[in-house]
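Asker: I have a structure I would like to understand better, so I am pasting it below and will then ask my questions one at a time.
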Number of protein chains: 2
Amino acid sequence: MGGDYAPASVVQGAYLAAEELGDKVALVLVGNRDKITDCIQTSRLESPPFEIEHAPEEVLMEEKPTDALRRKKSSSIAVASRLHKCGDANAILSAGNTGAVVASALLTLGRLEGVLRPAIATSFPTEKGVTTVLDMGANPECKPANLLQFGVMGSIYESYIHSKVNPRIGLLSIGQEATKGNDLILAAHRLFSESDLNFVGNIEGQDILKGAVDVVVTDGFVGNVILKFMESLLDFLNSLAWRHVKRDIFAKVGLFLLKSAFRSIKRTLDYTEYGGAPLLGVNGVCIICHGSSSPKAISSGIKVAYRMVIDEVNDHIKKRLISDGYMFAAVAPGSLKNSTGKQK
Amino acid sequence: MGGDYAPASVVQGAYLAAEELGDKVALVLVGNRDKITDCIQTSRLESPPFEIEHAPEEVLMEEKPTDALRRKKSSSIAVASRLHKCGDANAILSAGNTGAVVASALLTLGRLEGVLRPAIATSFPTEKGVTTVLDMGANPECKPANLLQFGVMGSIYESYIHSKVNPRIGLLSIGQEATKGNDLILAAHRLFSESDLNFVGNIEGQDILKGAVDVVVTDGFVGNVILKFMESLLDFLNSLAWRHVKRDIFAKVGLFLLKSAFRSIKRTLDYTEYGGAPLLGVNGVCIICHGSSSPKAISSGIKVAYRMVIDEVNDHIKKRLISDGYMFAAVAPGSLKNSTGKQK
């Protein structure tokens, strides 16, 4: 059980989720039993609505994922993945080391049938509701076929989790015309255009927060850079605001009066509040939460995991990929070098 | 003469620059003579400290750059580029259609000796001053050698224009380790490590606004997506703020008291205030200003153009590329496909 505020945030998040979901879910907290028990006692929370599965080791936030997983077979991430793999859990959620969660899910659960590369999907608040962007960092280097599958997975996720009818899909580029972008985007644009997805074309950086589409498809390099840039921009604006109002008493009073509104804005912008980021395409349900997740964010993540299980999102992805021809002849990553066409 | 507020903004910007630079510069305004004269009369500005070069046609903001340049030989962008080419001007600046400015500069002025690909450099305000990011959109698809040259050009630009001693260069990636990133970044990291540049390693999305380095190197796809995302984030925050304070009278008063501070924050964040974006690597000085540039932004751009000319930034770039071995054996773009090594 990880995260910057572990185990408190996860424990409280589990209480919140149990309160809302009742006996629809059975929660298991995987981590150091003593620490979890301490946390329950210190917080004077009532008798816990979850089981505890002891995992004595932990993967630290700054540890190298593959090394850590190799050495720490009893880390909470590894134990939770195994619980899911053997069927004792239907889904896993972690606010720990993202790289380790992804690696563990990939190694332990494997890929869903038909999926070339799993992708991290993150839902952003926008002017028109919620937009899901994928991939946010699992695949720094992508092929056009990977992006097309991200579109399929994102579309199904939006349909079931955010109840969107025929979600609009946009390909992140640097111009709306089909001729704008890098080689990857030009080739992916052709694949999307030939598909039966609700593809609206290329979108640009400014269109994400405008909510121009329901699903934004991009490679894990661009997605990750944007995500981290956005997080820092909020902090930067905050420090800039305080610097600017320092010598202006009216502005100072203004900033004070706005404090609670600012908190609420920050919450609106906090994508983790929207249920964490599922690793779509693994043979299971794996929700990645931000290291600094609040109990509410953890609880939202648990609810998304629950929805993904009962709505059988993975089955829908699998069926769509297989029956609608989004499978590619050569599934082994190495042999996909020249695959750009959809195999119908 | 272009831009959303043309010609007023450019005319007023020219007055501002002339006031500050005096007879150190001789300005020529290229555009529709009648419109410029009208603008001078309406604004009741004193007799203009610039010449006017009549250019009857204009490339519209939404026009396709290459088409427009082919059809409109007398557009202000084309005429200004020719003035520069034939030596009647030492630098050009435009707030018009960015694509057309880049295309016109490339076609008319050509590349500086030794430069594989010119790049747009944009200076961002950061927590520690100013950081220059390149490329911001001229090259959606890059080779490792291009990125290395962006590092050289950005470093020289920072030295002369922002007076930085031995500027620190960072490669934008999704992890600080040399092993993190996509194929392009992994290869570029090796080139940078072997170079004599002050390369500090990979940086991440959150490091740009922290001012972790003086020069951020990235390809034109990622750079452009970030720039447009940042612009939209400010508008998004603004609309979000008003939505959040609607039902909160204290917050409303707060927002009102903060109005002037907000304007000042927006100015701080407005990268165009930092002198527009030079297209580094063309055989000349070409400054691209934002379409919505204020007179002050135009004036800053003129001052940067002036500094680039008197400090002979292009000569320094040329010398560095040639003498320090940043030239690559195969300079023709097509033959660079497999060039990843620095030719010493």
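Numbering starts fresh at 1 for the residues of each chain in the structure tokens, the chains themselves are lettered A, B, ... in the order given, and ligands are numbered from 1 as they appear.
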I'd like the neighbourhood of range 99-103 of chain B as a list in words, where a residue qualifies if any of its atoms comes within 9 Å (using only C-alpha atoms), though same-chain residues fewer than 4 positions away should be ignored.

Answerer: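 Those residues are Val59, Met61, Glu63, Lys64, Pro65, Thr66, Ala68, Leu69, Ile77, Ala78, Ser81, Leu93, Ser94, Ala95, Leu107, Thr108, Ile120, Ala138, Leu279, Cys286, Ile287 and Ile288 of chain B.
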
Asker: Let's see if you can do this: from backbone DSSP, list all alpha helix (DSSP H) residues in range 168-259 of chain A, as a ChimeraX atom specification.

Answerer: /A:183-194,220-245,249-257,259

Asker: When the cut-off is 6 Å and we count only C-alpha atoms, which residues of chain B are near chain A, given as a VMD selection string?

Answerer: chain B and resid 140 to 141 181 to 182 205 to 206 225 228 to 229 232 250 to 251 254 to 255 257 to 258

Asker: With N, CA and C atoms kept, could you save the residues just selected as a PDB file, in the first residue's frame?

Answerer:
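After the write, out19.pdb holds the following:
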ATOM      1  N   PRO B 140       8.045  19.152 -36.761  1.00  0.00           N
ATOM      2  CA  PRO B 140       7.292  18.123 -36.041  1.00  0.00           C
ATOM      3  C   PRO B 140       8.027  16.783 -35.976  1.00  0.00           C
ATOM      4  N   GLU B 141       8.905  16.533 -36.919  1.00  0.00           N
ATOM      5  CA  GLU B 141       9.636  15.254 -36.913  1.00  0.00           C
ATOM      6  C   GLU B 141      11.131  15.582 -36.873  1.00  0.00           C
ATOM      7  N   GLY B 181      12.682   7.761 -21.870  1.00  0.00           N
ATOM      8  CA  GLY B 181      12.267   8.573 -23.005  1.00  0.00           C
ATOM      9  C   GLY B 181      11.906   7.725 -24.202  1.00  0.00           C
ATOM     10  N   ASN B 182      11.680   8.375 -25.338  1.00  0.00           N
ATOM     11  CA  ASN B 182      11.428   7.621 -26.568  1.00  0.00           C
ATOM     12  C   ASN B 182      12.753   7.447 -27.321  1.00  0.00           C
ATOM     13  N   GLY B 205       8.401  17.441 -17.701  1.00  0.00           N
ATOM     14  CA  GLY B 205       7.413  18.491 -17.937  1.00  0.00           C
ATOM     15  C   GLY B 205       7.327  19.519 -16.820  1.00  0.00           C
ATOM     16  N   GLN B 206       7.447  19.055 -15.565  1.00  0.00           N
ATOM     17  CA  GLN B 206       7.284  19.975 -14.432  1.00  0.00           C
ATOM     18  C   GLN B 206       8.504  20.874 -14.224  1.00  0.00           C
ATOM     19  N   VAL B 225       2.635  21.406 -28.863  1.00  0.00           N
ATOM     20  CA  VAL B 225       1.512  20.927 -28.052  1.00  0.00           C
ATOM     21  C   VAL B 225       1.546  21.605 -26.677  1.00  0.00           C
ATOM     22  N   LYS B 228       0.530  25.424 -26.858  1.00  0.00           N
ATOM     23  CA  LYS B 228      -0.904  25.633 -27.042  1.00  0.00           C
ATOM     24  C   LYS B 228      -1.687  25.187 -25.814  1.00  0.00           C
ATOM     25  N   PHE B 229      -1.215  24.131 -25.162  1.00  0.00           N
ATOM     26  CA  PHE B 229      -1.867  23.660 -23.947  1.00  0.00           C
ATOM     27  C   PHE B 229      -1.768  24.737 -22.859  1.00  0.00           C
ATOM     28  N   SER B 232      -4.130  27.646 -23.398  1.00  0.00           N
ATOM     29  CA  SER B 232      -5.522  27.330 -23.109  1.00  0.00           C
ATOM     30  C   SER B 232      -5.756  27.171 -21.617  1.00  0.00           C
ATOM     31  N   PHE B 250     -18.024  36.692  -1.169  1.00  0.00           N
ATOM     32  CA  PHE B 250     -16.663  37.041  -0.726  1.00  0.00           C
ATOM     33  C   PHE B 250     -15.653  36.803  -1.853  1.00  0.00           C
ATOM     34  N   ALA B 251     -15.821  35.664  -2.491  1.00  0.00           N
ATOM     35  CA  ALA B 251     -14.897  35.312  -3.572  1.00  0.00           C
ATOM     36  C   ALA B 251     -15.037  36.303  -4.728  1.00  0.00           C
ATOM     37  N   GLY B 254     -13.261  39.253  -3.855  1.00  0.00           N
ATOM     38  CA  GLY B 254     -11.843  38.891  -3.940  1.00  0.00           C
ATOM     39  C   GLY B 254     -11.336  38.952  -5.364  1.00  0.00           C
ATOM     40  N   LEU B 255     -12.129  38.377  -6.256  1.00  0.00           N
ATOM     41  CA  LEU B 255     -11.716  38.336  -7.657  1.00  0.00           C
ATOM     42  C   LEU B 255     -11.634  39.751  -8.219  1.00  0.00           C
ATOM     43  N   LEU B 257     -10.961  42.492  -6.475  1.00  0.00           N
ATOM     44  CA  LEU B 257      -9.774  43.148  -5.917  1.00  0.00           C
ATOM     45  C   LEU B 257      -8.501  42.657  -6.605  1.00  0.00           C
ATOM     46  N   LEU B 258      -8.569  41.452  -7.136  1.00  0.00           N
ATOM     47  CA  LEU B 258      -7.372  40.848  -7.741  1.00  0.00           C
ATOM     48  C   LEU B 258      -7.203  41.193  -9.216  1.00  0.00           C
TER      49      LEU B 258
END

Asker: Skip Leu280 in chain A itself and residues of its chain fewer than 2 positions away, then list as a PyMOL selection string all residues within 7 Å of it, counting only C-alpha atoms.

Answerer: chain A and resi 118-121+153+278+282

Asker: For a test of reading the model, state the distance in Å between CA of Gly110 in chain A and CA of Val217 in chain A, rounded to one decimal.

Answerer: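 That distance, rounded to one decimal, is 22.4 Å.
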
Asker: How many Å separate CA of Tyr306 in chain B from CA of Arg263 in chain B?

Answerer: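 Calculated distance between CA of Tyr306 in chain B and CA of Arg263 in chain B is 28.1 Å.
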
Asker: Identify, on the basis of only C-alpha atoms, every residue whose closest approach to Ala188 in chain A does not exceed 12 Å; exclude the query and any residue fewer than 6 positions from it along the same chain; express the result as an mmCIF file with N, CA and C atoms, in the first residue's frame.

Answerer:
data_model
loop_
_atom_site.group_PDB
_atom_site.id
_atom_site.type_symbol
_atom_site.label_atom_id
_atom_site.label_comp_id
_atom_site.auth_asym_id
_atom_site.auth_seq_id
_atom_site.Cartn_x
_atom_site.Cartn_y
_atom_site.Cartn_z
ATOM 1 N N CYS A 142 5.511 4.703 -29.627
ATOM 2 C CA CYS A 142 4.319 4.004 -30.119
ATOM 3 C C CYS A 142 4.347 3.791 -31.625
ATOM 4 N N LYS A 143 3.594 2.800 -32.075
ATOM 5 C CA LYS A 143 3.329 2.575 -33.489
ATOM 6 C C LYS A 143 1.909 3.091 -33.763
ATOM 7 N N PRO A 144 1.600 3.391 -35.026
ATOM 8 C CA PRO A 144 0.241 3.840 -35.363
ATOM 9 C C PRO A 144 -0.832 2.869 -34.857
ATOM 10 N N ALA A 145 -0.559 1.555 -34.958
ATOM 11 C CA ALA A 145 -1.541 0.561 -34.529
ATOM 12 C C ALA A 145 -1.817 0.657 -33.029
ATOM 13 N N ASN A 146 -0.776 1.024 -32.255
ATOM 14 C CA ASN A 146 -0.977 1.196 -30.812
ATOM 15 C C ASN A 146 -1.970 2.330 -30.557
ATOM 16 N N LEU A 147 -1.776 3.443 -31.268
ATOM 17 C CA LEU A 147 -2.656 4.598 -31.061
ATOM 18 C C LEU A 147 -4.100 4.244 -31.430
ATOM 19 N N LEU A 148 -4.269 3.488 -32.511
ATOM 20 C CA LEU A 148 -5.625 3.101 -32.909
ATOM 21 C C LEU A 148 -6.288 2.290 -31.798
ATOM 22 N N GLN A 149 -5.534 1.359 -31.222
ATOM 23 C CA GLN A 149 -6.099 0.564 -30.124
ATOM 24 C C GLN A 149 -6.374 1.425 -28.885
ATOM 25 N N PHE A 150 -5.540 2.430 -28.643
ATOM 26 C CA PHE A 150 -5.814 3.338 -27.510
ATOM 27 C C PHE A 150 -7.182 3.996 -27.737
ATOM 28 N N GLY A 151 -7.454 4.325 -29.011
ATOM 29 C CA GLY A 151 -8.744 4.940 -29.348
ATOM 30 C C GLY A 151 -9.902 4.000 -29.032
ATOM 31 N N GLY A 170 -10.343 12.247 -30.647
ATOM 32 C CA GLY A 170 -9.445 13.164 -31.347
ATOM 33 C C GLY A 170 -8.007 12.690 -31.213
ATOM 34 N N LEU A 171 -7.219 12.943 -32.254
ATOM 35 C CA LEU A 171 -5.808 12.562 -32.255
ATOM 36 C C LEU A 171 -5.023 13.845 -31.981
ATOM 37 N N LEU A 172 -4.210 13.841 -30.929
ATOM 38 C CA LEU A 172 -3.485 15.067 -30.557
ATOM 39 C C LEU A 172 -2.387 15.357 -31.576
ATOM 40 N N SER A 173 -2.456 16.540 -32.182
ATOM 41 C CA SER A 173 -1.460 16.905 -33.188
ATOM 42 C C SER A 173 -1.159 18.404 -33.105
ATOM 43 N N ALA A 178 -5.381 16.801 -41.751
ATOM 44 C CA ALA A 178 -4.848 15.430 -41.739
ATOM 45 C C ALA A 178 -3.367 15.411 -42.107
ATOM 46 N N THR A 179 -2.900 16.477 -42.737
ATOM 47 C CA THR A 179 -1.504 16.529 -43.197
ATOM 48 C C THR A 179 -0.575 17.114 -42.142
ATOM 49 N N LYS A 180 -1.119 17.499 -40.973
ATOM 50 C CA LYS A 180 -0.301 18.121 -39.937
ATOM 51 C C LYS A 180 0.095 17.117 -38.860
ATOM 52 N N GLY A 181 1.347 17.172 -38.435
ATOM 53 C CA GLY A 181 1.782 16.304 -37.354
ATOM 54 C C GLY A 181 3.114 15.658 -37.666
ATOM 55 N N ASN A 182 3.526 14.722 -36.831
ATOM 56 C CA ASN A 182 4.754 13.972 -37.123
ATOM 57 C C ASN A 182 4.379 12.672 -37.855
ATOM 58 N N GLU A 194 -10.011 5.238 -41.416
ATOM 59 C CA GLU A 194 -10.573 4.027 -42.025
ATOM 60 C C GLU A 194 -11.366 3.197 -41.012
ATOM 61 N N SER A 195 -11.282 3.547 -39.738
ATOM 62 C CA SER A 195 -11.929 2.732 -38.701
ATOM 63 C C SER A 195 -13.395 3.112 -38.546
ATOM 64 N N PHE A 199 -14.295 9.095 -34.985
ATOM 65 C CA PHE A 199 -13.061 9.882 -35.047
ATOM 66 C C PHE A 199 -13.354 11.259 -35.643
ATOM 67 N N GLY A 201 -11.030 13.663 -35.979
ATOM 68 C CA GLY A 201 -9.842 14.228 -36.625
ATOM 69 C C GLY A 201 -8.790 14.652 -35.627
ATOM 70 N N ASN A 202 -7.832 15.423 -36.108
ATOM 71 C CA ASN A 202 -6.781 15.925 -35.217
ATOM 72 C C ASN A 202 -7.327 17.009 -34.306
ATOM 73 N N VAL A 217 -6.270 10.860 -28.009
ATOM 74 C CA VAL A 217 -5.265 9.815 -28.190
ATOM 75 C C VAL A 217 -3.905 10.454 -28.456
ATOM 76 N N THR A 218 -2.903 10.001 -27.710
ATOM 77 C CA THR A 218 -1.540 10.491 -27.898
ATOM 78 C C THR A 218 -0.570 9.411 -27.419
ATOM 79 N N ASP A 219 0.705 9.554 -27.753
ATOM 80 C CA ASP A 219 1.645 8.548 -27.260
ATOM 81 C C ASP A 219 2.027 8.869 -25.819
ATOM 82 N N SER A 339 3.846 -2.517 -39.404
ATOM 83 C CA SER A 339 2.399 -2.653 -39.444
ATOM 84 C C SER A 339 1.745 -1.297 -39.294
ATOM 85 N N THR A 340 1.090 -0.832 -40.329
ATOM 86 C CA THR A 340 0.344 0.416 -40.186
ATOM 87 C C THR A 340 -1.112 0.219 -40.551
ATOM 88 N N GLY A 341 -1.431 -0.882 -41.187
ATOM 89 C CA GLY A 341 -2.793 -1.053 -41.690
ATOM 90 C C GLY A 341 -3.650 -1.896 -40.780
ATOM 91 N N LYS A 342 -4.927 -1.647 -40.820
ATOM 92 C CA LYS A 342 -5.881 -2.414 -40.042
ATOM 93 C C LYS A 342 -6.175 -3.697 -40.790
#

Asker: Can you measure CA of Lys85 in chain B to CA of Arg111 in chain B for me? One decimal in Å is fine.

Answerer: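 We find that CA of Lys85 in chain B and CA of Arg111 in chain B lie 12.0 Å from each other.
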
Asker: Mind checking which residues fall within 10 Å of range 43-52 of chain B, counting only C-alpha atoms, ignoring those fewer than 6 positions away in the same chain, and posting them as a list in words?

Answerer: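 Listed by chain and then number, they are Ala8, Val11, Gln12, Ala14, Tyr15, Leu16, Ala17, Ala18, Glu19, Gly22, Asp23, Val25, Ala26, Leu27, Val28, Leu29, Val30, Gly31, Asn32, Arg33, Asp34, Ile36 and Thr37 of chain B.
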
Asker: Keeping only N, CA and C atoms, write the selected residues as a short mmCIF file (atom, residue, chain, number, x, y, z; two decimals), in the first residue's frame.

Answerer:
data_model
loop_
_atom_site.label_atom_id
_atom_site.label_comp_id
_atom_site.auth_asym_id
_atom_site.auth_seq_id
_atom_site.Cartn_x
_atom_site.Cartn_y
_atom_site.Cartn_z
N ALA B 8 -2.52 48.59 -36.00
CA ALA B 8 -2.35 49.46 -34.83
C ALA B 8 -1.25 48.98 -33.88
N VAL B 11 2.22 49.37 -35.42
CA VAL B 11 2.59 50.79 -35.53
C VAL B 11 2.99 51.34 -34.16
N GLN B 12 2.16 51.09 -33.17
CA GLN B 12 2.47 51.59 -31.82
C GLN B 12 3.73 50.95 -31.25
N ALA B 14 6.25 50.00 -33.00
CA ALA B 14 7.39 50.62 -33.68
C ALA B 14 7.72 51.97 -33.02
N TYR B 15 6.69 52.73 -32.65
CA TYR B 15 6.92 53.99 -31.93
C TYR B 15 7.67 53.74 -30.62
N LEU B 16 7.17 52.75 -29.88
CA LEU B 16 7.79 52.40 -28.59
C LEU B 16 9.27 52.05 -28.76
N ALA B 17 9.55 51.18 -29.74
CA ALA B 17 10.92 50.72 -29.96
C ALA B 17 11.81 51.88 -30.39
N ALA B 18 11.27 52.75 -31.26
CA ALA B 18 12.06 53.88 -31.75
C ALA B 18 12.41 54.81 -30.60
N GLU B 19 11.47 54.96 -29.68
CA GLU B 19 11.68 55.81 -28.51
C GLU B 19 12.86 55.29 -27.68
N GLY B 22 16.18 54.80 -30.24
CA GLY B 22 16.64 56.03 -30.89
C GLY B 22 17.19 55.77 -32.28
N ASP B 23 18.30 56.44 -32.61
CA ASP B 23 18.81 56.28 -33.97
C ASP B 23 19.72 55.06 -34.13
N VAL B 25 18.47 52.21 -34.52
CA VAL B 25 17.78 51.41 -35.54
C VAL B 25 17.02 52.30 -36.52
N ALA B 26 16.89 51.81 -37.73
CA ALA B 26 16.04 52.46 -38.73
C ALA B 26 14.93 51.47 -39.05
N LEU B 27 13.71 51.83 -38.68
CA LEU B 27 12.60 50.88 -38.86
C LEU B 27 11.89 51.09 -40.19
N VAL B 28 11.48 49.99 -40.80
CA VAL B 28 10.67 50.04 -42.02
C VAL B 28 9.40 49.24 -41.77
N LEU B 29 8.25 49.89 -41.91
CA LEU B 29 7.00 49.15 -41.74
C LEU B 29 6.52 48.68 -43.10
N VAL B 30 6.36 47.38 -43.25
CA VAL B 30 5.95 46.82 -44.53
C VAL B 30 4.48 46.45 -44.46
N GLY B 31 3.66 47.04 -45.32
CA GLY B 31 2.23 46.73 -45.30
C GLY B 31 1.47 47.69 -46.18
N ASN B 32 0.17 47.67 -46.05
CA ASN B 32 -0.67 48.55 -46.84
C ASN B 32 -0.45 50.01 -46.39
N ARG B 33 0.09 50.84 -47.30
CA ARG B 33 0.49 52.21 -46.93
C ARG B 33 -0.69 53.01 -46.40
N ASP B 34 -1.85 52.87 -47.05
CA ASP B 34 -3.01 53.65 -46.63
C ASP B 34 -3.43 53.28 -45.20
N ILE B 36 -1.65 51.97 -42.85
CA ILE B 36 -0.65 52.43 -41.87
C ILE B 36 -0.78 53.93 -41.64
N THR B 37 -0.95 54.68 -42.73
CA THR B 37 -1.08 56.14 -42.61
C THR B 37 -2.34 56.50 -41.83
#
